[in-house]
file protein13.pdb (PDB, C-alpha atoms and all ligand atoms)
ATOM      1  CA  MET A   1       0.000   0.000   0.000
ATOM      2  CA  ASN A   2       1.266   3.448  -0.917
ATOM      3  CA  PRO A   3       1.469   5.805   2.102
ATOM      4  CA  GLN A   4       0.140   8.574  -0.136
ATOM      5  CA  THR A   5      -3.195   6.724  -0.461
ATOM      6  CA  ALA A   6      -3.542   6.663   3.325
ATOM      7  CA  ALA A   7      -2.424  10.305   3.530
ATOM      8  CA  ASP A   8      -5.054  11.322   0.945
ATOM      9  CA  PHE A   9      -7.741   9.586   2.998
ATOM     10  CA  ILE A  10      -6.568  11.410   6.143
ATOM     11  CA  ARG A  11      -6.547  14.705   4.241
ATOM     12  CA  SER A  12     -10.234  14.150   3.396
ATOM     13  CA  ILE A  13     -10.921  14.253   7.169
ATOM     14  CA  THR A  14      -8.414  16.814   8.473
ATOM     15  CA  ASP A  15      -5.988  19.217   6.850
ATOM     16  CA  LEU A  16      -3.925  19.580  10.040
ATOM     17  CA  LYS A  17      -0.241  19.192   9.194
ATOM     18  CA  PRO A  18       1.426  17.602  12.223
ATOM     19  CA  GLN A  19       5.021  18.484  12.981
ATOM     20  CA  VAL A  20       5.504  15.716  15.510
ATOM     21  CA  ALA A  21       4.286  12.104  15.417
ATOM     22  CA  ILE A  22       3.880  10.353  18.769
ATOM     23  CA  ILE A  23       3.524   6.576  19.197
ATOM     24  CA  LEU A  24       1.988   5.650  22.530
ATOM     25  CA  GLY A  25       3.033   2.270  23.941
ATOM     26  CA  SER A  26       1.188  -0.205  26.155
ATOM     27  CA  GLY A  27      -0.733   1.530  28.921
ATOM     28  CA  LEU A  28       0.460   4.960  27.742
ATOM     29  CA  GLY A  29      -2.448   5.759  25.401
ATOM     30  CA  GLY A  30      -4.053   8.192  27.879
ATOM     31  CA  LEU A  31      -1.773  10.935  26.577
ATOM     32  CA  ALA A  32      -4.001  11.007  23.499
ATOM     33  CA  ASP A  33      -6.719  12.496  25.741
ATOM     34  CA  LYS A  34      -4.457  15.502  26.408
ATOM     35  CA  ILE A  35      -4.437  16.560  22.760
ATOM     36  CA  ASP A  36      -6.212  19.878  22.107
ATOM     37  CA  SER A  37      -8.959  20.037  19.426
ATOM     38  CA  PRO A  38      -8.650  16.337  18.661
ATOM     39  CA  VAL A  39      -9.667  14.754  15.386
ATOM     40  CA  ILE A  40      -9.833  10.976  15.897
ATOM     41  CA  ILE A  41      -9.529   8.449  13.086
ATOM     42  CA  ALA A  42      -9.826   4.714  13.832
ATOM     43  CA  PHE A  43      -6.944   2.685  12.368
ATOM     44  CA  ASP A  44      -9.293   0.313  10.562
ATOM     45  CA  ARG A  45     -10.713   3.174   8.444
ATOM     46  CA  ILE A  46      -7.292   4.119   7.066
ATOM     47  CA  PRO A  47      -6.206   2.352   3.856
ATOM     48  CA  GLY A  48      -3.204   0.112   4.582
ATOM     49  CA  PHE A  49      -3.581   0.193   8.372
ATOM     50  CA  GLY A  50      -4.435  -3.027  10.177
ATOM     51  CA  THR A  51      -6.550  -3.390  13.298
ATOM     52  CA  SER A  52      -4.616  -3.122  16.555
ATOM     53  CA  THR A  53      -5.335  -6.231  18.627
ATOM     54  CA  ALA A  54      -2.958  -5.858  21.614
ATOM     55  CA  SER A  55      -4.724  -5.124  24.884
ATOM     56  CA  GLY A  56      -4.103  -1.557  26.089
ATOM     57  CA  HIS A  57      -3.884  -0.260  22.513
ATOM     58  CA  ARG A  58      -6.909   1.739  21.328
ATOM     59  CA  GLY A  59      -6.217   1.681  17.628
ATOM     60  CA  GLN A  60      -6.693   5.369  16.795
ATOM     61  CA  LEU A  61      -4.790   8.185  15.130
ATOM     62  CA  VAL A  62      -5.437  11.431  17.003
ATOM     63  CA  PHE A  63      -4.641  14.736  15.289
ATOM     64  CA  GLY A  64      -4.548  18.024  17.212
ATOM     65  CA  SER A  65      -2.042  20.051  19.183
ATOM     66  CA  ILE A  66      -0.093  19.931  22.441
ATOM     67  CA  GLU A  67       1.735  23.040  23.678
ATOM     68  CA  SER A  68       0.575  24.707  20.431
ATOM     69  CA  VAL A  69       2.595  22.219  18.354
ATOM     70  CA  PRO A  70       0.572  20.324  15.741
ATOM     71  CA  VAL A  71       0.829  16.602  16.491
ATOM     72  CA  VAL A  72      -0.513  13.248  15.442
ATOM     73  CA  ALA A  73      -0.565  10.494  18.048
ATOM     74  CA  MET A  74      -0.950   6.782  17.480
ATOM     75  CA  ALA A  75      -2.978   5.540  20.439
ATOM     76  CA  GLY A  76      -1.902   1.956  19.931
ATOM     77  CA  ARG A  77       0.485   0.322  17.511
ATOM     78  CA  PHE A  78       1.074  -2.855  15.584
ATOM     79  CA  HIS A  79       3.416  -5.541  16.892
ATOM     80  CA  ARG A  80       5.271  -8.339  15.121
ATOM     81  CA  TYR A  81       3.798 -10.848  17.596
ATOM     82  CA  GLU A  82       0.285  -9.954  16.400
ATOM     83  CA  GLY A  83       1.255 -11.350  13.016
ATOM     84  CA  TRP A  84       2.147  -8.074  11.256
ATOM     85  CA  SER A  85       5.248  -7.782   9.089
ATOM     86  CA  ASN A  86       7.978  -5.193   9.622
ATOM     87  CA  ASP A  87       6.480  -3.210   6.745
ATOM     88  CA  ASP A  88       2.991  -3.306   8.353
ATOM     89  CA  VAL A  89       4.406  -2.145  11.684
ATOM     90  CA  ALA A  90       6.357   0.691  10.073
ATOM     91  CA  PHE A  91       3.657   1.782   7.598
ATOM     92  CA  PRO A  92       1.982   4.311   9.972
ATOM     93  CA  VAL A  93       5.344   6.074  10.394
ATOM     94  CA  ASP A  94       5.541   6.528   6.635
ATOM     95  CA  VAL A  95       1.982   7.859   6.595
ATOM     96  CA  MET A  96       2.527  10.288   9.482
ATOM     97  CA  ASN A  97       5.656  11.543   7.719
ATOM     98  CA  THR A  98       3.746  11.915   4.458
ATOM     99  CA  VAL A  99       1.135  14.134   6.143
ATOM    100  CA  GLY A 100       3.900  16.328   7.572
ATOM    101  CA  ALA A 101       5.617  14.905  10.647
ATOM    102  CA  SER A 102       9.355  15.572  10.718
ATOM    103  CA  HIS A 103       9.857  14.374  14.312
ATOM    104  CA  LEU A 104       8.928  11.102  16.003
ATOM    105  CA  ILE A 105       8.453  10.491  19.715
ATOM    106  CA  VAL A 106       8.119   6.737  20.143
ATOM    107  CA  SER A 107       7.288   5.147  23.494
ATOM    108  CA  ASN A 108       6.936   1.636  24.829
ATOM    109  CA  ALA A 109       6.569  -0.409  27.984
ATOM    110  CA  ALA A 110       9.684  -2.495  28.544
ATOM    111  CA  GLY A 111      11.293  -4.871  30.976
ATOM    112  CA  GLY A 112      14.102  -3.391  33.070
ATOM    113  CA  VAL A 113      17.240  -5.425  32.384
ATOM    114  CA  SER A 114      19.684  -3.057  34.073
ATOM    115  CA  LEU A 115      19.815  -3.690  37.802
ATOM    116  CA  LYS A 116      19.441   0.003  38.613
ATOM    117  CA  PHE A 117      15.904   0.328  37.246
ATOM    118  CA  ARG A 118      12.672   0.311  39.218
ATOM    119  CA  VAL A 119       9.129  -0.067  37.921
ATOM    120  CA  GLY A 120       7.923   3.279  36.575
ATOM    121  CA  ASP A 121      11.380   4.623  35.678
ATOM    122  CA  ILE A 122      11.713   6.278  32.285
ATOM    123  CA  VAL A 123      14.592   5.357  29.981
ATOM    124  CA  VAL A 124      15.599   7.706  27.164
ATOM    125  CA  LEU A 125      16.869   5.535  24.328
ATOM    126  CA  GLN A 126      20.339   6.233  23.030
ATOM    127  CA  ASP A 127      20.604   3.135  20.838
ATOM    128  CA  HIS A 128      19.017  -0.268  20.256
ATOM    129  CA  ILE A 129      19.815  -3.947  19.642
ATOM    130  CA  ASN A 130      17.593  -5.597  17.054
ATOM    131  CA  PHE A 131      16.801  -9.226  17.951
ATOM    132  CA  MET A 132      13.433  -8.927  16.296
ATOM    133  CA  SER A 133      13.995 -10.500  12.934
ATOM    134  CA  GLY A 134      16.720 -11.975  10.801
ATOM    135  CA  VAL A 135      18.221  -9.775   8.142
ATOM    136  CA  PHE A 136      16.600 -11.858   5.438
ATOM    137  CA  ALA A 137      13.207 -12.284   7.089
ATOM    138  CA  SER A 138      10.800 -13.089   4.280
ATOM    139  CA  ASP A 139       8.693  -9.967   4.765
ATOM    140  CA  GLN A 140      11.657  -7.725   4.099
ATOM    141  CA  GLY A 141      11.492  -8.297   0.400
ATOM    142  CA  ALA A 142      13.657  -9.647  -2.353
ATOM    143  CA  PRO A 143      17.448  -9.472  -2.005
ATOM    144  CA  GLU A 144      17.621  -6.727  -4.634
ATOM    145  CA  LYS A 145      15.766  -4.479  -2.190
ATOM    146  CA  PHE A 146      18.829  -4.747   0.045
ATOM    147  CA  ALA A 147      21.149  -3.829  -2.786
ATOM    148  CA  ALA A 148      19.173  -0.706  -3.707
ATOM    149  CA  PRO A 149      21.429   2.266  -4.489
ATOM    150  CA  GLY A 150      22.537   3.916  -1.292
ATOM    151  CA  CYS A 151      21.463   0.952   0.805
ATOM    152  CA  PHE A 152      24.941   0.340   2.200
ATOM    153  CA  ASN A 153      25.830   4.017   2.423
ATOM    154  CA  ARG A 154      23.140   5.037   4.854
ATOM    155  CA  PRO A 155      24.544   6.509   8.054
ATOM    156  CA  ALA A 156      23.913   4.483  11.174
ATOM    157  CA  MET A 157      20.550   5.174  12.738
ATOM    158  CA  THR A 158      20.690   7.598  15.654
ATOM    159  CA  TYR A 159      18.342   8.865  18.306
ATOM    160  CA  ASP A 160      18.259  12.652  18.482
ATOM    161  CA  ALA A 161      20.623  14.184  21.065
ATOM    162  CA  ALA A 162      18.719  17.452  21.541
ATOM    163  CA  MET A 163      15.359  15.742  21.999
ATOM    164  CA  SER A 164      16.991  13.383  24.544
ATOM    165  CA  GLN A 165      18.389  16.369  26.387
ATOM    166  CA  ALA A 166      14.933  17.954  26.572
ATOM    167  CA  ALA A 167      13.597  14.692  28.050
ATOM    168  CA  PHE A 168      16.255  14.687  30.798
ATOM    169  CA  GLU A 169      15.512  18.352  31.556
ATOM    170  CA  ALA A 170      11.799  17.530  31.912
ATOM    171  CA  ALA A 171      12.639  14.784  34.418
ATOM    172  CA  ILE A 172      14.858  17.092  36.475
ATOM    173  CA  GLU A 173      12.230  19.867  36.483
ATOM    174  CA  SER A 174       9.445  17.456  37.452
ATOM    175  CA  GLY A 175      11.541  15.486  39.980
ATOM    176  CA  PHE A 176      11.466  11.947  38.623
ATOM    177  CA  ASP A 177      14.158   9.430  37.654
ATOM    178  CA  CYS A 178      15.097   9.168  34.004
ATOM    179  CA  TYR A 179      18.112   7.332  32.576
ATOM    180  CA  PRO A 180      19.863   6.928  29.236
ATOM    181  CA  GLY A 181      19.756   3.372  27.898
ATOM    182  CA  THR A 182      19.808   0.803  25.118
ATOM    183  CA  TYR A 183      16.584  -0.970  24.064
ATOM    184  CA  LEU A 184      16.665  -4.592  22.958
ATOM    185  CA  ALA A 185      13.741  -5.648  20.735
ATOM    186  CA  THR A 186      12.504  -9.231  20.697
ATOM    187  CA  PHE A 187       9.860 -10.698  18.428
ATOM    188  CA  GLY A 188       7.704 -11.675  21.463
ATOM    189  CA  PRO A 189       5.157 -12.526  22.652
ATOM    190  CA  THR A 190       6.949 -14.473  25.377
ATOM    191  CA  TYR A 191       8.789 -12.726  28.161
ATOM    192  CA  GLU A 192      12.315 -13.829  29.057
ATOM    193  CA  THR A 193      13.818 -16.523  31.196
ATOM    194  CA  ARG A 194      16.248 -15.383  33.887
ATOM    195  CA  ALA A 195      19.117 -16.691  31.776
ATOM    196  CA  GLU A 196      17.918 -14.608  28.815
ATOM    197  CA  TYR A 197      17.660 -11.468  30.958
ATOM    198  CA  ARG A 198      21.221 -12.109  32.194
ATOM    199  CA  MET A 199      22.453 -12.574  28.610
ATOM    200  CA  MET A 200      20.766  -9.344  27.531
ATOM    201  CA  ARG A 201      22.376  -7.437  30.375
ATOM    202  CA  ARG A 202      25.805  -8.801  29.420
ATOM    203  CA  ILE A 203      25.513  -7.729  25.806
ATOM    204  CA  GLY A 204      24.632  -4.165  26.778
ATOM    205  CA  ALA A 205      20.830  -3.958  26.875
ATOM    206  CA  ASP A 206      19.199  -1.820  29.568
ATOM    207  CA  VAL A 207      15.555  -2.496  28.680
ATOM    208  CA  VAL A 208      13.807  -5.161  26.593
ATOM    209  CA  GLY A 209      10.535  -4.936  24.703
ATOM    210  CA  MET A 210       8.624  -6.144  21.644
ATOM    211  CA  SER A 211       8.217  -3.025  19.520
ATOM    212  CA  THR A 212       9.791   0.302  18.530
ATOM    213  CA  VAL A 213      12.722  -0.869  16.375
ATOM    214  CA  PRO A 214      10.781  -1.296  13.074
ATOM    215  CA  GLU A 215       9.237   2.150  13.580
ATOM    216  CA  VAL A 216      12.585   3.750  14.428
ATOM    217  CA  LEU A 217      14.255   2.197  11.383
ATOM    218  CA  ALA A 218      11.472   3.544   9.144
ATOM    219  CA  ALA A 219      11.686   7.012  10.696
ATOM    220  CA  SER A 220      15.446   6.987  10.312
ATOM    221  CA  ARG A 221      15.150   6.041   6.623
ATOM    222  CA  LEU A 222      12.765   8.996   6.224
ATOM    223  CA  GLY A 223      15.198  11.388   7.909
ATOM    224  CA  MET A 224      12.941  12.042  10.882
ATOM    225  CA  ARG A 225      14.331  13.195  14.222
ATOM    226  CA  ILE A 226      13.651  10.517  16.807
ATOM    227  CA  LEU A 227      13.124  10.451  20.563
ATOM    228  CA  GLY A 228      12.675   6.955  22.034
ATOM    229  CA  LEU A 229      11.219   6.485  25.525
ATOM    230  CA  SER A 230      10.790   3.276  27.497
ATOM    231  CA  MET A 231       8.697   3.040  30.623
ATOM    232  CA  VAL A 232      10.018   0.263  32.874
ATOM    233  CA  SER A 233       6.972  -1.924  33.503
ATOM    234  CA  ASN A 234       8.681  -4.872  35.196
ATOM    235  CA  VAL A 235      12.139  -5.568  36.515
ATOM    236  CA  ALA A 236      14.216  -8.602  35.636
ATOM    237  CA  ASN A 237      15.413 -10.235  38.821
ATOM    238  CA  PRO A 238      18.506 -12.422  38.252
ATOM    239  CA  ASP A 239      18.070 -14.311  41.515
ATOM    240  CA  LYS A 240      14.357 -15.034  41.620
ATOM    241  CA  ALA A 241      11.909 -16.109  38.933
ATOM    242  CA  VAL A 242       9.367 -13.278  38.668
ATOM    243  CA  LYS A 243       6.559 -13.862  36.232
ATOM    244  CA  ALA A 244       5.987 -10.786  34.067
ATOM    245  CA  SER A 245       2.395 -10.259  32.925
ATOM    246  CA  HIS A 246       0.755  -7.928  30.425
ATOM    247  CA  ASP A 247      -1.682  -6.666  33.116
ATOM    248  CA  GLU A 248       1.310  -5.553  35.195
ATOM    249  CA  VAL A 249       2.715  -3.834  32.099
ATOM    250  CA  LEU A 250      -0.547  -1.925  31.535
ATOM    251  CA  GLU A 251      -0.846  -0.933  35.211
ATOM    252  CA  ALA A 252       2.723   0.432  35.295
ATOM    253  CA  GLY A 253       2.027   2.369  32.099
ATOM    254  CA  ARG A 254      -0.979   4.109  33.582
ATOM    255  CA  ALA A 255       1.037   5.059  36.675
ATOM    256  CA  ALA A 256       3.895   6.454  34.567
ATOM    257  CA  GLU A 257       1.708   8.409  32.169
ATOM    258  CA  VAL A 258       2.241  11.643  34.085
ATOM    259  CA  LYS A 259       6.010  11.340  33.539
ATOM    260  CA  MET A 260       5.587  10.667  29.843
ATOM    261  CA  GLU A 261       3.305  13.685  29.578
ATOM    262  CA  ALA A 262       5.894  15.932  31.293
ATOM    263  CA  ILE A 263       8.559  14.795  28.826
ATOM    264  CA  VAL A 264       6.376  15.165  25.748
ATOM    265  CA  ARG A 265       5.299  18.660  26.818
ATOM    266  CA  LYS A 266       8.890  19.780  27.416
ATOM    267  CA  VAL A 267      10.107  18.437  24.076
ATOM    268  CA  LEU A 268       7.216  20.120  22.281
ATOM    269  CA  GLN A 269       7.801  23.418  24.098
ATOM    270  CA  GLN A 270      11.391  23.352  22.906
ATOM    271  CA  ILE A 271      10.352  22.538  19.361
ATOM    272  CA  SER A 272       7.867  25.414  19.337
ATOM    273  CA  SER A 273      10.237  27.977  20.895
ATOM    274  CA  SER A 274      13.223  27.135  18.730
ATOM    275  CA  PRO A 275      13.698  24.201  16.405
ATOM    276  CA  LEU A 276      15.851  21.755  18.373
ATOM    277  CA  GLN A 277      19.445  21.743  17.193
ATOM    278  CA  SER A 278      21.337  18.471  17.143
ATOM    279  CA  PRO A 279      25.037  17.950  16.579
ATOM    280  CA  PRO A 280      25.746  16.510  13.132
ATOM    281  CA  VAL A 281      25.885  12.696  13.031
TER     282      VAL A 281
HETATM  283  O1  LIG B 301       3.644  -1.469  22.520
HETATM  284  P1  LIG B 301       4.601  -1.760  23.643
HETATM  285  O2  LIG B 301       5.987  -2.017  23.194
HETATM  286  O3  LIG B 301       4.512  -0.738  24.740
HETATM  287  O4  LIG B 301       4.050  -3.120  24.273
HETATM  288  C1  LIG B 301       4.737  -3.840  25.304
HETATM  289  C2  LIG B 301       5.566  -4.894  24.657
HETATM  290  C3  LIG B 301       4.524  -5.973  24.431
HETATM  291  O5  LIG B 301       3.663  -5.680  23.380
HETATM  292  C4  LIG B 301       3.732  -5.929  25.610
HETATM  293  C5  LIG B 301       4.258  -6.855  26.620
HETATM  294  O6  LIG B 301       3.486  -6.808  27.763
HETATM  295  O7  LIG B 301       3.818  -4.564  26.073
HETATM  296  N1  LIG B 302      10.420  -8.935  25.808
HETATM  297  C1  LIG B 302       9.869  -8.237  26.812
HETATM  298  N2  LIG B 302       8.957  -7.318  26.533
HETATM  299  C2  LIG B 302       8.419  -6.628  27.544
HETATM  300  N3  LIG B 302       7.495  -5.641  27.542
HETATM  301  C3  LIG B 302       7.314  -5.279  28.816
HETATM  302  N4  LIG B 302       8.075  -5.997  29.650
HETATM  303  C4  LIG B 302       8.801  -6.842  28.877
HETATM  304  C5  LIG B 302       9.786  -7.845  29.171
HETATM  305  O1  LIG B 302      10.171  -8.116  30.308
HETATM  306  N5  LIG B 302      10.282  -8.502  28.094
END

call {"tool": "encode", "arguments": {"input": "protein13.pdb", "output": "structure tokens"}}
result
Amino acid sequence: MNPQTAADFIRSITDLKPQVAIILGSGLGGLADKIDSPVIIAFDRIPGFGTSTASGHRGQLVFGSIESVPVVAMAGRFHRYEGWSNDDVAFPVDVMNTVGASHLIVSNAAGGVSLKFRVGDIVVLQDHINFMSGVFASDQGAPEKFAAPGCFNRPAMTYDAAMSQAAFEAAIESGFDCYPGTYLATFGPTYETRAEYRMMRRIGADVVGMSTVPEVLAASRLGMRILGLSMVSNVANPDKAVKASHDEVLEAGRAAEVKMEAIVRKVLQQISSSPLQSPPV
């Protein structure tokens, strides 16, 4: 499906040109209710979008503004473990970019792998490890797609330094803990064994989840500026088997929503007062 077809459909409902796209992870969808003058479009009305099936994901695009910045928020997302391909998961990013978004704030609920994290902490992503799919996963197309001109010349994907900085400033101003970290993406839907959590810690992961990386890779390909935020929904205990559950993930998300909102507002205030400057990659 061509993103332009989806963008044309959206344009028939709203002509708002969002500057910032926001993807709201598990339990974090309440931020969509904070959007001023909202125009809500259900995912299943948009050509090329699937239907979000994960619990805690509403399945809506919400256009409007926050801190006077035009935004579009995805209240819900698509996950590989629901049966969607990488292209399906990333398609909304392409569409939000096509209707105007030059920045992406992407959030998720994630397991805390680093021993310093507590439930409810916010981690500002500096990098990621992609365990989600093999390089030649069938949905990623024919080999020639990989050899497309420029394919090997692309600069490494990066998360935006200035947007990260704004997130840390929001945490300091609001008095909550916020750490830099690396996100490891698994295919899901199973959580990890203790041995797997230990392995992830040893290879440099701070948090682990089942989303975000396909969307970040798409945004990076489109030249968008990216802020990645994980909310620690459960903590990996190396000494004791603790059963993670999706209900726990949703509950932690609701409790941490106020922190996410503080960060999003601060980042948007900075974007509206002066376009955020980042050092060159
Ligand atoms: O959409 P996110 O990444 O927030 O969802 C997390 C990861 C899994 O989908 C699920 C696990 O409980 O929550
Ligand atoms: N893979 C994985 N995803 C999560 N999403 C929320 N918590 C977790 C976790 O512990 N592991």

call {"tool": "residues_near_ligand", "arguments": {"input": "protein13.pdb", "ligand": "ligand LIG 301 (chain B)", "cutoff": "9 Å", "atoms": "only C-alpha atoms and all ligand atoms", "output": "CSV table (one decimal) with C-alpha atoms, keeping the file's coordinate frame"}}
result
chain,number,residue,atom,x,y,z
A,23,ILE,CA,3.5,6.6,19.2
A,24,LEU,CA,2.0,5.6,22.5
A,25,GLY,CA,3.0,2.3,23.9
A,26,SER,CA,1.2,-0.2,26.2
A,27,GLY,CA,-0.7,1.5,28.9
A,28,LEU,CA,0.5,5.0,27.7
A,54,ALA,CA,-3.0,-5.9,21.6
A,55,SER,CA,-4.7,-5.1,24.9
A,56,GLY,CA,-4.1,-1.6,26.1
A,57,HIS,CA,-3.9,-0.3,22.5
A,76,GLY,CA,-1.9,2.0,19.9
A,77,ARG,CA,0.5,0.3,17.5
A,78,PHE,CA,1.1,-2.9,15.6
A,79,HIS,CA,3.4,-5.5,16.9
A,80,ARG,CA,5.3,-8.3,15.1
A,81,TYR,CA,3.8,-10.8,17.6
A,82,GLU,CA,0.3,-10.0,16.4
A,107,SER,CA,7.3,5.1,23.5
A,108,ASN,CA,6.9,1.6,24.8
A,109,ALA,CA,6.6,-0.4,28.0
A,110,ALA,CA,9.7,-2.5,28.5
A,111,GLY,CA,11.3,-4.9,31.0
A,185,ALA,CA,13.7,-5.6,20.7
A,188,GLY,CA,7.7,-11.7,21.5
A,189,PRO,CA,5.2,-12.5,22.7
A,190,THR,CA,6.9,-14.5,25.4
A,191,TYR,CA,8.8,-12.7,28.2
A,208,VAL,CA,13.8,-5.2,26.6
A,209,GLY,CA,10.5,-4.9,24.7
A,210,MET,CA,8.6,-6.1,21.6
A,211,SER,CA,8.2,-3.0,19.5
A,212,THR,CA,9.8,0.3,18.5
A,230,SER,CA,10.8,3.3,27.5
A,231,MET,CA,8.7,3.0,30.6
A,233,SER,CA,7.0,-1.9,33.5
A,244,ALA,CA,6.0,-10.8,34.1
A,245,SER,CA,2.4,-10.3,32.9
A,246,HIS,CA,0.8,-7.9,30.4
A,247,ASP,CA,-1.7,-6.7,33.1
A,248,GLU,CA,1.3,-5.6,35.2
A,249,VAL,CA,2.7,-3.8,32.1
A,250,LEU,CA,-0.5,-1.9,31.5
A,253,GLY,CA,2.0,2.4,32.1

call {"tool": "resolve_selection", "arguments": {"input": "protein13.pdb", "expression": "the PyMOL selection byres (((chain A and resi 195-203) around 7) and not hetatm)", "output": "list in words"}}
result
Val113, Ser114, Glu192, Thr193, Arg194, Gly204, Ala205, Asp206, Ala236 and Pro238 of chain A

call {"tool": "atom_distance", "arguments": {"input": "protein13.pdb", "atom1": "CA of Pro70 in chain A", "atom2": "CA of Phe9 in chain A"}}
result
18.6 Å

call {"tool": "axis_aligned_box", "arguments": {"input": "protein13.pdb", "around": "ligand LIG 302 (chain B)", "padding_each_side": "4 Å", "output": "AutoDock Vina command-line options"}}
result
--center_x 8.9 --center_y -7.1 --center_z 28.1 --size_x 11.1 --size_y 11.7 --size_z 12.5

call {"tool": "resolve_selection", "arguments": {"input": "protein13.pdb", "expression": "the PyMOL selection byres (((chain A and resi 263) around 10) and not hetatm)", "output": "PyMOL selection string"}}
result
chain A and resi 122+163-164+166-171+173-174+229+257-262+264-269

call {"tool": "resolve_selection", "arguments": {"input": "protein13.pdb", "expression": "the PyMOL selection byres (((chain A and resi 33-43) around 10) and not hetatm)", "output": "PyMOL selection string"}}
result
chain A and resi 10+13-14+16+29-32+44-52+58-77+92+261

call {"tool": "closest_residue", "arguments": {"input": "protein13.pdb", "among": "A:Ser85, A:Ser220, A:Ser273, A:Thr186", "to": "ligand LIG 302 (chain B)", "atoms": "only C-alpha atoms and all ligand atoms"}}
result
A:Thr186

call {"tool": "residues_around", "arguments": {"input": "protein13.pdb", "residues": "Val99 in chain A", "least_positions_apart": "3", "cutoff": "8 Å", "atoms": "only C-alpha atoms", "output": "MDAnalysis selection string"}}
result
chainID A and resid 7 11 17:18 95:96

call {"tool": "closest_residue", "arguments": {"input": "protein13.pdb", "among": "A:Pro180, A:Pro214, A:Gly112, A:Gly228", "to": "Met132 in chain A", "atoms": "only C-alpha atoms"}}
result
A:Pro214

call {"tool": "closest_residue", "arguments": {"input": "protein13.pdb", "among": "A:Asp177, A:Asp94, A:Asp121, A:Asp160", "to": "Leu222 in chain A", "atoms": "all atoms listed in the file"}}
result
A:Asp94

call {"tool": "atom_distance", "arguments": {"input": "protein13.pdb", "atom1": "CA of Tyr183 in chain A", "atom2": "CA of Val207 in chain A"}}
result
5.0 Å

call {"tool": "atom_distance", "arguments": {"input": "protein13.pdb", "atom1": "CA of Gln19 in chain A", "atom2": "CA of Val106 in chain A"}}
result
14.1 Å

call {"tool": "residues_near_point", "arguments": {"input": "protein13.pdb", "point": "(20.9, 6.7, 21.6)", "cutoff": "12 Å", "atoms": "all atoms listed in the file", "output": "ChimeraX atom specification"}}
result
/A:123-129,156-165,179-183,205-206,216,225-229,281
